[in-house]
$ cat run-v8.txt   # compact mmCIF, C-alpha atoms
# COMPACT_ATOMS: atom_id res chain seq x y z
CA MET R 1 0.00 0.00 0.00
CA GLU R 2 1.33 3.42 -1.00
CA GLU R 3 2.36 5.72 1.83
CA GLN R 4 0.33 8.75 2.89
CA SER R 5 1.43 12.26 2.00
CA LYS R 6 4.18 13.69 4.20
CA LEU R 7 3.03 17.23 3.34
CA SER R 8 0.36 19.16 5.22
CA LYS R 9 -2.27 21.27 3.43
CA VAL R 10 -0.45 24.42 4.55
CA GLN R 11 2.82 23.16 3.07
CA VAL R 12 1.20 22.24 -0.26
CA LEU R 13 -0.61 25.57 -0.56
CA GLY R 14 2.54 27.44 0.43
CA MET R 15 4.57 25.58 -2.19
CA ALA R 16 1.94 26.51 -4.81
CA VAL R 17 2.19 30.20 -3.85
CA VAL R 18 6.00 30.17 -3.90
CA ALA R 19 6.07 28.41 -7.29
CA GLY R 20 3.63 30.98 -8.70
CA ILE R 21 5.70 33.87 -7.33
CA CYS R 22 8.85 32.47 -8.95
CA VAL R 23 7.39 31.91 -12.42
CA SER R 24 5.48 35.21 -12.53
CA ASN R 25 8.76 37.14 -12.62
CA ILE R 26 9.48 36.23 -16.25
CA TYR R 27 6.06 37.55 -17.38
CA TYR R 28 5.89 40.90 -15.56
CA ALA R 29 7.60 42.82 -18.37
CA GLN R 30 5.14 41.99 -21.15
CA PRO R 31 2.43 44.62 -20.48
CA ILE R 32 4.85 47.33 -19.28
CA LEU R 33 7.49 47.20 -22.02
CA HIS R 34 6.51 50.64 -23.29
CA GLN R 35 7.16 52.20 -19.87
CA ILE R 36 10.52 50.47 -19.50
CA ALA R 37 11.46 51.53 -23.03
CA GLU R 38 10.61 55.17 -22.24
CA THR R 39 12.81 55.06 -19.14
CA PHE R 40 15.86 54.02 -21.17
CA ASN R 41 14.86 55.98 -24.30
CA VAL R 42 14.85 52.94 -26.61
CA SER R 43 12.21 51.40 -28.85
CA GLU R 44 9.65 48.93 -27.51
CA SER R 45 10.81 46.31 -30.00
CA LYS R 46 14.37 46.58 -28.70
CA MET R 47 13.25 46.44 -25.08
CA GLY R 48 11.18 43.39 -26.00
CA ILE R 49 14.45 41.46 -25.98
CA MET R 50 14.21 41.32 -22.17
CA VAL R 51 11.10 39.13 -22.43
CA GLY R 52 12.89 36.70 -24.72
CA LEU R 53 15.96 36.65 -22.48
CA GLY R 54 13.78 35.77 -19.49
CA GLN R 55 12.47 32.74 -21.40
CA VAL R 56 16.01 31.80 -22.49
CA GLY R 57 17.21 32.01 -18.89
CA TYR R 58 14.33 29.85 -17.72
CA GLY R 59 15.10 27.24 -20.36
CA ALA R 60 18.79 27.27 -19.39
CA GLY R 61 17.84 26.85 -15.74
CA LEU R 62 15.61 23.88 -16.57
CA LEU R 63 18.49 22.13 -18.28
CA THR R 64 21.34 23.04 -15.93
CA LEU R 65 19.91 23.73 -12.45
CA VAL R 66 16.70 21.71 -12.01
CA PRO R 67 18.47 18.30 -12.33
CA LEU R 68 20.55 19.30 -9.28
CA GLY R 69 17.46 18.53 -7.22
CA ASP R 70 18.40 14.85 -7.48
CA LYS R 71 22.01 15.49 -6.44
CA VAL R 72 21.81 18.12 -3.68
CA ASN R 73 19.43 19.00 -0.86
CA ARG R 74 16.37 20.43 -2.63
CA LYS R 75 15.47 22.79 0.19
CA LYS R 76 18.95 24.36 0.17
CA LEU R 77 18.86 24.64 -3.64
CA ILE R 78 15.51 26.44 -3.51
CA LEU R 79 16.78 28.81 -0.80
CA ILE R 80 19.90 29.69 -2.82
CA LEU R 81 17.87 30.35 -5.98
CA LEU R 82 15.37 32.51 -4.08
CA ALA R 83 18.14 34.53 -2.43
CA ILE R 84 19.73 35.28 -5.82
CA LEU R 85 16.29 36.04 -7.27
CA PHE R 86 15.70 38.61 -4.51
CA CYS R 87 19.00 40.37 -5.30
CA ILE R 88 18.15 40.52 -9.01
CA LEU R 89 14.64 41.90 -8.40
CA ALA R 90 15.97 44.54 -6.01
CA GLY R 91 18.68 45.48 -8.51
CA ILE R 92 16.50 45.82 -11.63
CA GLY R 93 15.02 49.11 -10.46
CA MET R 94 18.44 50.57 -9.65
CA VAL R 95 20.22 50.16 -13.00
CA SER R 96 20.67 53.09 -15.39
CA ASN R 97 21.73 51.18 -18.51
CA TYR R 98 19.31 48.96 -20.43
CA ASN R 99 22.07 46.42 -21.14
CA PHE R 100 22.02 45.57 -17.44
CA ILE R 101 18.26 45.09 -17.69
CA PHE R 102 18.93 42.48 -20.38
CA LEU R 103 21.48 40.73 -18.16
CA PHE R 104 19.16 40.80 -15.17
CA SER R 105 16.29 39.44 -17.28
CA LEU R 106 18.43 36.46 -18.23
CA LEU R 107 19.37 35.85 -14.59
CA LEU R 108 15.74 36.35 -13.55
CA GLY R 109 14.66 33.46 -15.76
CA LEU R 110 17.58 31.33 -14.58
CA THR R 111 16.69 31.65 -10.89
CA ALA R 112 12.90 31.50 -11.39
CA VAL R 113 13.30 27.75 -12.03
CA ALA R 114 13.11 27.33 -8.25
CA ALA R 115 9.47 26.55 -9.08
CA GLN R 116 10.59 23.48 -11.00
CA VAL R 117 12.63 22.27 -8.03
CA ILE R 118 9.53 22.58 -5.85
CA LEU R 119 7.38 20.39 -8.13
CA PRO R 120 9.43 17.16 -7.94
CA MET R 121 10.04 17.79 -4.25
CA ALA R 122 6.27 17.84 -3.69
CA ALA R 123 5.82 14.72 -5.82
CA GLU R 124 8.38 12.79 -3.80
CA LEU R 125 6.75 13.72 -0.49
CA SER R 126 3.12 13.28 -1.56
CA GLY R 127 2.67 9.50 -1.36
CA ASN R 128 -0.75 8.47 -2.67
CA GLU R 129 -1.83 12.12 -3.04
CA LYS R 130 0.78 12.81 -5.71
CA GLY R 131 -1.68 13.88 -8.41
CA LYS R 132 -3.73 16.08 -6.09
CA ASN R 133 -0.74 17.90 -4.57
CA VAL R 134 1.09 18.31 -7.88
CA GLY R 135 -2.17 19.65 -9.33
CA ILE R 136 -2.39 22.31 -6.62
CA ILE R 137 1.21 23.42 -7.17
CA PHE R 138 0.83 23.36 -10.94
CA THR R 139 -2.23 25.57 -10.52
CA GLY R 140 -0.03 27.98 -8.56
CA ILE R 141 2.37 28.13 -11.49
CA LEU R 142 -0.38 28.77 -14.04
CA VAL R 143 -2.03 31.38 -11.80
CA GLY R 144 1.37 33.07 -11.49
CA ILE R 145 1.69 33.20 -15.28
CA LEU R 146 -1.83 34.61 -15.74
CA MET R 147 -1.72 37.03 -12.79
CA ALA R 148 1.71 38.45 -13.68
CA ARG R 149 0.36 40.50 -16.59
CA VAL R 150 -2.62 41.79 -14.61
CA PHE R 151 -0.47 42.62 -11.57
CA SER R 152 2.29 44.46 -13.42
CA GLY R 153 -0.18 46.41 -15.55
CA TYR R 154 -2.11 47.73 -12.55
CA ILE R 155 0.93 48.40 -10.34
CA SER R 156 2.71 50.32 -13.12
CA GLU R 157 -0.42 52.46 -13.61
CA TRP R 158 -0.68 53.10 -9.87
CA SER R 159 3.04 53.82 -9.38
CA ASN R 160 5.74 52.93 -11.94
CA TRP R 161 7.27 49.83 -13.53
CA LYS R 162 10.12 49.66 -11.00
CA MET R 163 7.62 49.21 -8.19
CA VAL R 164 6.50 45.95 -9.82
CA TYR R 165 9.92 44.42 -9.23
CA TYR R 166 10.33 45.92 -5.75
CA ILE R 167 7.02 44.39 -4.65
CA SER R 168 8.05 41.08 -6.21
CA ALA R 169 11.28 41.25 -4.19
CA GLY R 170 9.06 41.48 -1.10
CA PHE R 171 7.14 38.41 -2.27
CA THR R 172 10.47 36.62 -2.61
CA ILE R 173 11.36 37.40 1.01
CA PHE R 174 8.07 35.80 2.02
CA SER R 175 8.96 32.77 -0.12
CA LEU R 176 12.38 32.47 1.50
CA THR R 177 10.86 32.60 4.95
CA PHE R 178 8.24 29.98 4.13
CA VAL R 179 10.72 27.55 2.56
CA TYR R 180 13.20 27.94 5.41
CA PHE R 181 10.72 27.36 8.23
CA LYS R 182 8.05 25.13 6.67
CA LEU R 183 9.64 22.76 4.15
CA PRO R 184 11.55 19.61 5.12
CA ASN R 185 15.00 18.57 3.98
CA VAL R 186 14.97 15.85 1.31
CA LYS R 187 17.95 13.53 1.04
CA PRO R 188 19.43 13.51 -2.51
CA THR R 189 19.51 10.24 -4.44
CA PHE R 190 22.11 10.83 -7.18
CA LYS R 191 25.78 10.31 -6.21
CA ASP R 192 27.73 10.68 -9.48
CA SER R 193 29.24 13.80 -11.08
CA TYR R 194 27.32 16.81 -12.39
CA PHE R 195 28.18 15.87 -15.99
CA LYS R 196 26.72 12.41 -15.49
CA LEU R 197 23.68 14.03 -13.87
CA ILE R 198 22.98 16.12 -16.98
CA SER R 199 23.63 13.15 -19.29
CA SER R 200 21.27 11.09 -17.18
CA SER R 201 18.52 13.69 -17.69
CA PHE R 202 18.55 13.12 -21.43
CA TYR R 203 18.81 9.37 -20.88
CA GLN R 204 15.36 9.47 -19.28
CA LEU R 205 13.90 10.15 -22.74
CA LYS R 206 15.40 6.92 -24.07
CA ARG R 207 14.49 5.08 -20.91
CA PHE R 208 10.77 5.93 -20.79
CA PRO R 209 8.62 5.88 -23.98
CA GLN R 210 5.77 7.31 -21.92
CA LEU R 211 7.89 10.35 -21.07
CA ARG R 212 8.49 10.97 -24.77
CA LEU R 213 4.76 10.85 -25.50
CA LEU R 214 3.75 13.02 -22.54
CA ALA R 215 6.50 15.58 -23.22
CA LEU R 216 5.33 15.94 -26.83
CA MET R 217 1.69 16.19 -25.81
CA GLY R 218 2.48 18.70 -23.05
CA GLY R 219 4.52 20.88 -25.40
CA ILE R 220 1.74 21.00 -28.00
CA ALA R 221 -0.92 21.73 -25.36
CA PHE R 222 1.07 24.61 -23.88
CA SER R 223 1.77 25.97 -27.37
CA ILE R 224 -2.01 26.29 -27.81
CA PHE R 225 -2.29 28.11 -24.47
CA CYS R 226 0.51 30.59 -25.26
CA SER R 227 -0.61 31.20 -28.84
CA PHE R 228 -4.16 31.87 -27.68
CA TRP R 229 -3.27 34.28 -24.88
CA THR R 230 -0.66 36.15 -26.94
CA THR R 231 -2.98 36.82 -29.88
CA LEU R 232 -6.18 37.29 -27.84
CA THR R 233 -4.95 40.78 -26.90
CA PHE R 234 -4.78 41.73 -30.60
CA LEU R 235 -8.33 40.48 -31.15
CA LEU R 236 -9.77 42.35 -28.16
CA VAL R 237 -8.27 45.75 -29.01
CA GLU R 238 -9.95 45.70 -32.43
CA LYS R 239 -13.59 46.04 -33.45
CA PRO R 240 -16.15 45.00 -32.27
CA TYR R 241 -14.50 44.97 -28.81
CA ASN R 242 -12.10 47.95 -28.64
CA TYR R 243 -11.16 47.00 -25.06
CA SER R 244 -8.53 48.81 -23.01
CA SER R 245 -5.58 46.98 -21.46
CA ASP R 246 -7.27 47.05 -18.02
CA THR R 247 -10.36 45.31 -19.40
CA ILE R 248 -8.28 42.78 -21.30
CA GLY R 249 -6.49 41.97 -18.05
CA LEU R 250 -9.80 40.84 -16.57
CA PHE R 251 -9.85 37.92 -19.01
CA GLY R 252 -6.73 36.68 -17.24
CA MET R 253 -8.78 36.53 -14.04
CA LEU R 254 -11.35 34.45 -15.91
CA GLY R 255 -8.57 32.12 -17.00
CA ILE R 256 -7.49 31.71 -13.39
CA ALA R 257 -11.00 30.57 -12.48
CA GLY R 258 -10.74 27.90 -15.16
CA ALA R 259 -7.33 26.82 -13.89
CA LEU R 260 -8.64 26.09 -10.40
CA VAL R 261 -10.04 22.74 -11.54
CA ALA R 262 -6.51 21.28 -11.49
CA PRO R 263 -6.64 19.78 -7.98
CA MET R 264 -9.82 17.89 -8.91
CA ILE R 265 -8.15 16.60 -12.07
CA GLY R 266 -5.11 15.52 -10.09
CA LYS R 267 -7.33 13.71 -7.61
CA ALA R 268 -8.99 11.81 -10.47
CA SER R 269 -5.55 10.85 -11.75
CA ASP R 270 -4.64 9.45 -8.30
CA LYS R 271 -7.65 7.13 -8.58
CA GLY R 272 -6.38 5.67 -11.86
CA GLY R 273 -8.51 7.63 -14.31
CA SER R 274 -5.67 9.39 -16.14
CA GLY R 275 -6.47 8.05 -19.63
CA LYS R 276 -10.13 9.04 -19.46
CA THR R 277 -9.22 12.39 -17.92
CA GLN R 278 -6.79 13.24 -20.72
CA LEU R 279 -9.28 12.27 -23.42
CA ILE R 280 -12.05 14.41 -21.88
CA ALA R 281 -9.60 17.30 -21.41
CA SER R 282 -8.53 17.13 -25.06
CA ILE R 283 -12.20 17.25 -26.14
CA ILE R 284 -12.75 20.35 -23.97
CA LEU R 285 -9.60 21.93 -25.44
CA LEU R 286 -10.73 21.19 -29.00
CA ALA R 287 -14.21 22.58 -28.27
CA GLY R 288 -12.74 25.85 -26.99
CA SER R 289 -10.56 26.22 -30.09
CA VAL R 290 -13.45 25.51 -32.46
CA ILE R 291 -15.72 28.01 -30.68
CA ILE R 292 -13.23 30.87 -30.89
CA PHE R 293 -12.41 30.02 -34.50
CA LEU R 294 -16.04 30.01 -35.66
CA PHE R 295 -17.43 32.85 -33.54
CA PRO R 296 -14.64 35.34 -32.72
CA ASN R 297 -16.98 38.37 -32.77
CA TYR R 298 -19.17 37.28 -29.87
CA LEU R 299 -18.19 38.00 -26.26
CA ILE R 300 -19.73 34.77 -25.01
CA SER R 301 -17.45 32.87 -27.41
CA ILE R 302 -14.39 34.59 -25.94
CA ILE R 303 -15.50 33.75 -22.40
CA LEU R 304 -16.19 30.10 -23.24
CA ALA R 305 -12.92 29.77 -25.15
CA VAL R 306 -10.90 31.19 -22.22
CA ILE R 307 -12.52 28.74 -19.80
CA PHE R 308 -12.42 25.69 -22.11
CA ILE R 309 -8.84 26.22 -23.29
CA ASP R 310 -7.55 26.85 -19.77
CA VAL R 311 -9.41 23.89 -18.29
CA GLY R 312 -8.34 21.62 -21.16
CA VAL R 313 -4.66 22.58 -21.10
CA GLN R 314 -4.44 22.58 -17.31
CA SER R 315 -6.13 19.18 -17.03
CA ILE R 316 -3.77 17.64 -19.57
CA GLN R 317 -0.70 19.09 -17.90
CA VAL R 318 -1.64 18.12 -14.36
CA THR R 319 -2.38 14.56 -15.44
CA ASN R 320 0.88 14.40 -17.40
CA VAL R 321 2.94 15.66 -14.47
CA ALA R 322 1.30 13.21 -12.08
CA LEU R 323 2.13 10.39 -14.52
CA ILE R 324 5.79 11.31 -15.08
CA TYR R 325 6.42 11.41 -11.33
CA ARG R 326 5.42 7.75 -11.14
CA LEU R 327 8.14 6.65 -13.57
CA ASP R 328 11.09 6.73 -11.13
CA GLN R 329 10.94 8.64 -7.88
CA LYS R 330 14.75 8.71 -7.60
CA ALA R 331 14.98 10.58 -10.92
CA ASN R 332 12.08 13.01 -10.40
CA SER R 333 14.13 16.18 -10.97
CA ARG R 334 15.76 14.86 -14.15
CA ILE R 335 12.45 13.60 -15.52
CA ASN R 336 10.89 16.96 -14.63
CA THR R 337 13.71 18.71 -16.52
CA ILE R 338 12.90 16.86 -19.74
CA TYR R 339 9.15 17.34 -19.46
CA MET R 340 9.24 21.01 -18.50
CA THR R 341 11.86 21.85 -21.14
CA SER R 342 9.51 20.41 -23.75
CA TYR R 343 6.57 22.18 -22.08
CA PHE R 344 8.07 25.67 -22.17
CA ALA R 345 9.71 25.12 -25.56
CA GLY R 346 6.23 24.32 -26.86
CA GLY R 347 4.99 27.57 -25.34
CA ALA R 348 7.71 29.59 -27.07
CA ILE R 349 7.02 27.89 -30.41
CA GLY R 350 3.27 28.41 -29.99
CA THR R 351 3.79 32.12 -29.30
CA PHE R 352 5.96 32.48 -32.41
CA ILE R 353 3.52 30.59 -34.65
CA GLY R 354 0.55 32.50 -33.23
CA LEU R 355 2.22 35.84 -33.98
CA LYS R 356 3.10 34.74 -37.52
CA CYS R 357 -0.46 33.55 -38.11
CA TRP R 358 -1.81 36.89 -36.90
CA GLU R 359 0.56 38.86 -39.13
CA THR R 360 -0.30 36.69 -42.13
CA GLY R 361 -4.05 36.25 -41.90
CA GLY R 362 -5.38 37.78 -38.68
CA TRP R 363 -7.59 35.84 -36.32
CA HIS R 364 -8.78 33.48 -39.07
CA TYR R 365 -5.29 31.99 -39.39
CA VAL R 366 -4.82 31.96 -35.61
CA GLY R 367 -8.08 30.05 -35.24
CA ILE R 368 -6.99 27.48 -37.82
CA GLN R 369 -3.73 26.97 -35.92
CA LEU R 370 -5.53 26.55 -32.59
CA VAL R 371 -7.96 24.00 -34.03
CA ALA R 372 -5.19 22.09 -35.84
CA PHE R 373 -2.99 21.81 -32.73
CA SER R 374 -5.96 20.90 -30.53
CA LEU R 375 -6.96 18.20 -33.00
CA ILE R 376 -3.46 16.71 -32.77
CA VAL R 377 -3.70 16.53 -28.98
CA PHE R 378 -7.17 14.95 -29.22
CA LEU R 379 -6.00 12.31 -31.72
CA MET R 380 -2.96 11.47 -29.56
CA ASN R 381 -5.25 10.80 -26.60
CA LEU R 382 -7.85 8.97 -28.70
CA PHE R 383 -5.27 6.56 -30.14
CA LYS R 384 -3.78 6.08 -26.68
CA ALA R 385 -7.21 5.24 -25.27
CA ILE R 386 -7.94 2.81 -28.10
CA LYS R 387 -4.57 1.12 -27.67
CA SER R 388 -5.06 0.67 -23.92
CA ASN R 389 -8.45 -1.04 -24.38

$ encode --input "run-v8.txt" --output "structure tokens"
Amino acid sequence: MEEQSKLSKVQVLGMAVVAGICVSNIYYAQPILHQIAETFNVSESKMGIMVGLGQVGYGAGLLTLVPLGDKVNRKKLILILLAILFCILAGIGMVSNYNFIFLFSLLLGLTAVAAQVILPMAAELSGNEKGKNVGIIFTGILVGILMARVFSGYISEWSNWKMVYYISAGFTIFSLTFVYFKLPNVKPTFKDSYFKLISSSFYQLKRFPQLRLLALMGGIAFSIFCSFWTTLTFLLVEKPYNYSSDTIGLFGMLGIAGALVAPMIGKASDKGGSGKTQLIASIILLAGSVIIFLFPNYLISIILAVIFIDVGVQSIQVTNVALIYRLDQKANSRINTIYMTSYFAGGAIGTFIGLKCWETGGWHYVGIQLVAFSLIVFLMNLFKAIKSN
């Protein structure tokens, strides 16, 4: 019989909040680029490099730092990353040269991967509540991504863009305090060199066919999410909507409401219903994409699409993460590295394709892309369900 969770509800919720705080830092800049650009007297397109560098740093951290969770004490690793993150956040508002902003953005992404050290730590300590607890923490990450744009937009209007990062530095102090006093030490399981640790991360792909499938599916699902949210802004500022940035930010709050189903999905996965859950989630995702493709000029369509796409993507991802953490508990961090690298790479590719579709054919082309990618995810789950029966 599988052991009970070693984590309390307070610990799980706290880990979700800390993970969300970490990830949100690489998304704060998106809605306030124009203000940052004005401060340094450069174009918005040039200042946009800082957003890309944050993503690059996060990807580099996934590949080089997250696997260390199997080799060193995870709690100490999280504390070190949070301490560096605090210094970077405090320093961003003090620099006078935009080149330093670029450097800090890269380092911001690198240290924000503390969230991806928290996830496998929670999985290892969750016993038979693995899916439920991972679902809660994954919800924290998604809420952090969605709330970051809303938060930075409102704070910068109320004060200035530097205040966004100062407040986030305060959040990081809270995170440090929580991790130090509330999280347990976890004994590392990997004894070989760092080089062998990194090599072993890629070996997990060869070792587990299921990881290959789930990593591909997760990457495609997140590409739909990122493409949708990136281009939705363009749709909502045009006729018939003509919404302001503040109003558009409210749709992010709606997306958060959809994301809160994750713990229920994770609980269903714990009970052995992962295949059925993924198939249903892919149908919901496809339905949301079809609705927004066919009826983009109706507000109710936008609302339904936001909810359906968020619920579908979140359900798929939570189930996937719960499944990969059952492959080999001693290699959780390395397995997480492979999955999350594919996940965020898919998001970057989805954003790029979504922008190209918008530039080429407006929302019609974006809608075609969303439906096509959603159909791929649905067919992957349908064939998997057929094969398992």

$ closest_residue --input "run-v8.txt" --among "R:Phe178, R:Tyr241, R:Phe202, R:Trp161" --to "Leu33 (chain R)" --atoms "all atoms listed in the file"
R:Trp161

$ atom_distance --input "run-v8.txt" --atom1 "CA of Gly109 (chain R)" --atom2 "CA of Ser342 (chain R)"
16.1 Å

$ atom_distance --input "run-v8.txt" --atom1 "CA of Ser156 (chain R)" --atom2 "CA of Ile32 (chain R)"
7.2 Å

$ residues_around --input "run-v8.txt" --residues "Ala83 (chain R)" --least-positions-apart "6" --cutoff "12 Å" --atoms "only C-alpha atoms" --output "ChimeraX atom specification"
/R:22,76-77,89-90,108,111-112,114,169-177,179-180

$ write_last_selection --input "run-v8.txt" --atoms "C-alpha atoms" --output "JSON list (two decimals), in the frame of the given file"
[["chain", "number", "residue", "atom", "x", "y", "z"],
["R", 22, "CYS", "CA", 8.85, 32.47, -8.95],
["R", 76, "LYS", "CA", 18.95, 24.36, 0.17],
["R", 77, "LEU", "CA", 18.86, 24.64, -3.64],
["R", 89, "LEU", "CA", 14.64, 41.90, -8.40],
["R", 90, "ALA", "CA", 15.97, 44.54, -6.01],
["R", 108, "LEU", "CA", 15.74, 36.35, -13.55],
["R", 111, "THR", "CA", 16.69, 31.65, -10.89],
["R", 112, "ALA", "CA", 12.90, 31.50, -11.39],
["R", 114, "ALA", "CA", 13.11, 27.33, -8.25],
["R", 169, "ALA", "CA", 11.28, 41.25, -4.19],
["R", 170, "GLY", "CA", 9.06, 41.48, -1.10],
["R", 171, "PHE", "CA", 7.14, 38.41, -2.27],
["R", 172, "THR", "CA", 10.47, 36.62, -2.61],
["R", 173, "ILE", "CA", 11.36, 37.40, 1.01],
["R", 174, "PHE", "CA", 8.07, 35.80, 2.02],
["R", 175, "SER", "CA", 8.96, 32.77, -0.12],
["R", 176, "LEU", "CA", 12.38, 32.47, 1.50],
["R", 177, "THR", "CA", 10.86, 32.60, 4.95],
["R", 179, "VAL", "CA", 10.72, 27.55, 2.56],
["R", 180, "TYR", "CA", 13.20, 27.94, 5.41]]

$ closest_residue --input "run-v8.txt" --among "R:Gly367, R:Gly346, R:Gly144, R:Gly275" --to "Ala215 (chain R)" --atoms "only C-alpha atoms"
R:Gly346
